[in-house]
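Undergrad: So that we are looking at the same thing, I have put the structure below in structure tokens.
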Amino acid sequence: MLQDSLVLLDYFRGMLLHNEELWLLLFPVMIVIELPLYLLVLTGIFRWSYNNKDVELTQFPSVSFVITCYGEGDAIRITIDTLVEQVYPGYIEILVVVDGAVQNQETYQAALNGESYHAGVRNRKVRVIPKWQRGGRVSTLNAGLSVAKGEIVINVDGDTSFDNDMVFTMMKQFTSKDVIASGGALRVRNYDVNIFTKMQSLEYMLSMQAGKTGMATWGVLNNISGAFGAFRKNLLKQVGGWDTHTAEDLDLTIRLKQYKRRYPNNKLAFATHAIGHTDVPDTLKGLVMQRLRWDGDLLFLFLRKHNEGISPSLLGWGNFLFTLVYGVVQNVLLPLLVVIFTAYMLIAYPFKFVLALMLLLYLTYLFLSLIIFVVYIGLVSERAKEDLKFTKWLFLYPIYQFFMRLITAFSIVNEVVRRSHEESSMAPWWVLKRGKKF
């Protein structure tokens, strides 16, 4: 196998020596665009690690959790239990908002059982809020926000559990009055099911936990996850809460960035060691359907809903350039270019040469992933010994990344042709159809 790879690379080198124009193929746009992002993330992690000093909590703001529930069944009890059991001396309110409680009787009853089981626990209040008519994720979040009593509101998914020091760790972010919101780190709970969950676990470690740590350090956090994000309640209400349509988390993040442009000292933070655990799709179909929804929403938000809001005057030059390059170009245009580039190579050059180029790109991305992984294990991971076992799966990660690019490209075309964000399972069709058109 190694010998065959060396032969291919030698053939590739010979082709380059006899055709100077092929040198351009060594620097495809995907490398040119993404190398600066790797450098930004790496330097951000080093800076975060150097400045990361333990903060002593002297005040304990009240916290309201809004749990969005739809179809979790008995699993909702795990989420409720891990929130009640938080090692945090302050008051915690847990609002279990059950969307479509009429058809979701199993989830509704499980939530009621959790409320009853934890009744009387000191400094903890579990309250079930049934929404009899299903209205979707956004209406569920806003229903919880409307009755939340805590100073800090944290939105979480009903299929997510948490380390028992999560609230304590998250509240350290809010000791600074400048922090208006903070994302939390998500890890894959069902990582050991099969190859799909293992690849997603690596993705959550490298792209999300490590990546967001680096981006937040430089003030360009790309998104506060809809499955785990914390906000100052008064400010969250001031910007209008969550909005209709899909990808409500990225939409809210963009609006928060536009808000903080008027208040330069405000910050969007990321709590690297405030850990939540979530289940990811464990089938190819489930993974593809999830990414079709996620990636199609990116085009809708960047180029339709916020096409006039992505500007230096509203975001500031730093966030504007970052959003333009690593929101629009990387996530919307680059996947299409990858497909076009691959098709062109297969048509214009010998198959053996294409294989050699793909091998070179694979080795490049494997090297970059290995660097991020080593830095993640050494500086970021709070479970370094456990995470080291994913080392043997790194060799498949560049292939997984390439496959995800292909799915993203299809998602973009699907959104352009069919406005697929209006077909999301996150809300009933009549809710999305009645939302403002963009």
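Following the order of the structure tokens, first chain is A, next is B, and so on, with residues numbered from 1 inside each chain and ligands from 1 in the order they appear.
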Please identify all polymer residues within 8 Å of segment 100-103 of chain A, counting only C-alpha atoms, omitting same-chain residues fewer than 5 positions from it, and present them as a VMD selection string.
TA: chain A and resid 70 108 130 to 135
Undergrad: Can I get the residues of segment 30-94 of chain A within 12 Å of segment 262-285 of chain A, each with the closest pair of atoms and their distance in Å to one decimal, using only C-alpha atoms, sorted chain first then ascending number, as JSON lines?
TA:
```
{"residue": "A:Ile45", "atom": "CA", "partner": "A:Thr272", "partner_atom": "CA", "distance": 10.4}
{"residue": "A:Trp48", "atom": "CA", "partner": "A:Thr272", "partner_atom": "CA", "distance": 9.8}
{"residue": "A:Ser49", "atom": "CA", "partner": "A:Thr272", "partner_atom": "CA", "distance": 10.7}
{"residue": "A:Asn52", "atom": "CA", "partner": "A:Thr272", "partner_atom": "CA", "distance": 10.5}
{"residue": "A:Asp54", "atom": "CA", "partner": "A:His273", "partner_atom": "CA", "distance": 11.6}
{"residue": "A:Glu72", "atom": "CA", "partner": "A:Asp279", "partner_atom": "CA", "distance": 11.4}
{"residue": "A:Ala75", "atom": "CA", "partner": "A:Asp279", "partner_atom": "CA", "distance": 11.1}
{"residue": "A:Ile78", "atom": "CA", "partner": "A:His277", "partner_atom": "CA", "distance": 10.9}
{"residue": "A:Thr79", "atom": "CA", "partner": "A:His277", "partner_atom": "CA", "distance": 9.7}
{"residue": "A:Thr82", "atom": "CA", "partner": "A:Gly276", "partner_atom": "CA", "distance": 9.9}
{"residue": "A:Leu83", "atom": "CA", "partner": "A:Gly276", "partner_atom": "CA", "distance": 10.6}
{"residue": "A:Gln86", "atom": "CA", "partner": "A:Ala274", "partner_atom": "CA", "distance": 11.6}
```
Undergrad: Mind dumping the selected residues with N, CA, C and O atoms as a short mmCIF file (atom, residue, chain, number, x, y, z; two decimals), in the first residue's frame?
TA:
```
data_model
loop_
_atom_site.label_atom_id
_atom_site.label_comp_id
_atom_site.auth_asym_id
_atom_site.auth_seq_id
_atom_site.Cartn_x
_atom_site.Cartn_y
_atom_site.Cartn_z
N ILE A 45 -6.00 28.91 20.06
CA ILE A 45 -5.92 27.92 21.14
C ILE A 45 -4.70 28.18 22.01
O ILE A 45 -4.78 28.13 23.25
N TRP A 48 -5.48 31.18 24.10
CA TRP A 48 -6.45 30.82 25.15
C TRP A 48 -5.76 30.04 26.27
O TRP A 48 -5.99 30.31 27.45
N SER A 49 -4.92 29.09 25.89
CA SER A 49 -4.23 28.27 26.90
C SER A 49 -3.31 29.12 27.75
O SER A 49 -3.23 28.94 28.98
N ASN A 52 -5.53 31.31 30.01
CA ASN A 52 -6.59 30.61 30.72
C ASN A 52 -6.23 30.45 32.20
O ASN A 52 -5.46 29.57 32.58
N ASP A 54 -7.82 30.19 36.20
CA ASP A 54 -9.04 29.82 36.90
C ASP A 54 -9.69 31.05 37.52
O ASP A 54 -9.03 31.84 38.20
N GLU A 72 -38.60 12.87 22.58
CA GLU A 72 -37.50 12.22 23.30
C GLU A 72 -37.95 11.05 24.15
O GLU A 72 -37.14 10.18 24.50
N ALA A 75 -36.08 9.47 27.56
CA ALA A 75 -34.73 10.03 27.55
C ALA A 75 -34.68 11.45 28.12
O ALA A 75 -33.62 11.90 28.56
N ILE A 78 -33.06 11.95 31.57
CA ILE A 78 -31.61 12.06 31.73
C ILE A 78 -31.20 13.53 31.70
O ILE A 78 -30.38 13.99 32.50
N THR A 79 -31.78 14.27 30.76
CA THR A 79 -31.47 15.70 30.66
C THR A 79 -31.87 16.44 31.92
O THR A 79 -31.09 17.23 32.48
N THR A 82 -29.54 15.51 34.95
CA THR A 82 -28.18 16.07 34.94
C THR A 82 -28.19 17.57 35.20
O THR A 82 -27.17 18.12 35.64
N LEU A 83 -29.30 18.24 34.96
CA LEU A 83 -29.40 19.66 35.27
C LEU A 83 -29.71 19.89 36.74
O LEU A 83 -29.17 20.81 37.37
N GLN A 86 -26.57 19.54 39.09
CA GLN A 86 -25.42 20.42 38.89
C GLN A 86 -24.81 20.85 40.22
O GLN A 86 -25.52 21.18 41.17
#
```
Undergrad: Ranking A:Phe228, A:Phe196, A:Phe402, A:Trp242 by minimum distance to Asp157 of chain A and counting only C-alpha atoms, which one comes first?
TA: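 Going through A:Phe228, A:Phe196, A:Phe402, A:Trp242 one by one, the smallest distance to Asp157 of chain A is for A:Phe228.
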Undergrad: Which residue gives the smallest distance to Val84 of chain A among A:Thr140, A:Thr175, A:Asn164, A:Ser207, with only C-alpha atoms counted?
TA: A:Asn164
Undergrad: Work out how far apart atom CA of Ala230 of chain A and atom CA of Asn155 of chain A are and give it in Å to one decimal.
TA: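 Between these atoms lies a distance of 6.6 Å.
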Undergrad: Skipping near chain neighbours, those fewer than 2 positions away, what residues fall within 9 Å of segment 30-39 of chain A using only C-alpha atoms, listed as a list in words?
TA: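 So, after excluding close chain neighbours, the residues are Leu26, Phe27, Pro28, Val41, Leu42, Thr43, Gly44, Gly211, Met215, Val325, Tyr326, Val329, Gln330, Leu334, Pro335, Leu337, Val338, Leu361, Thr364, Tyr365, Leu368 and Ile372 of chain A.
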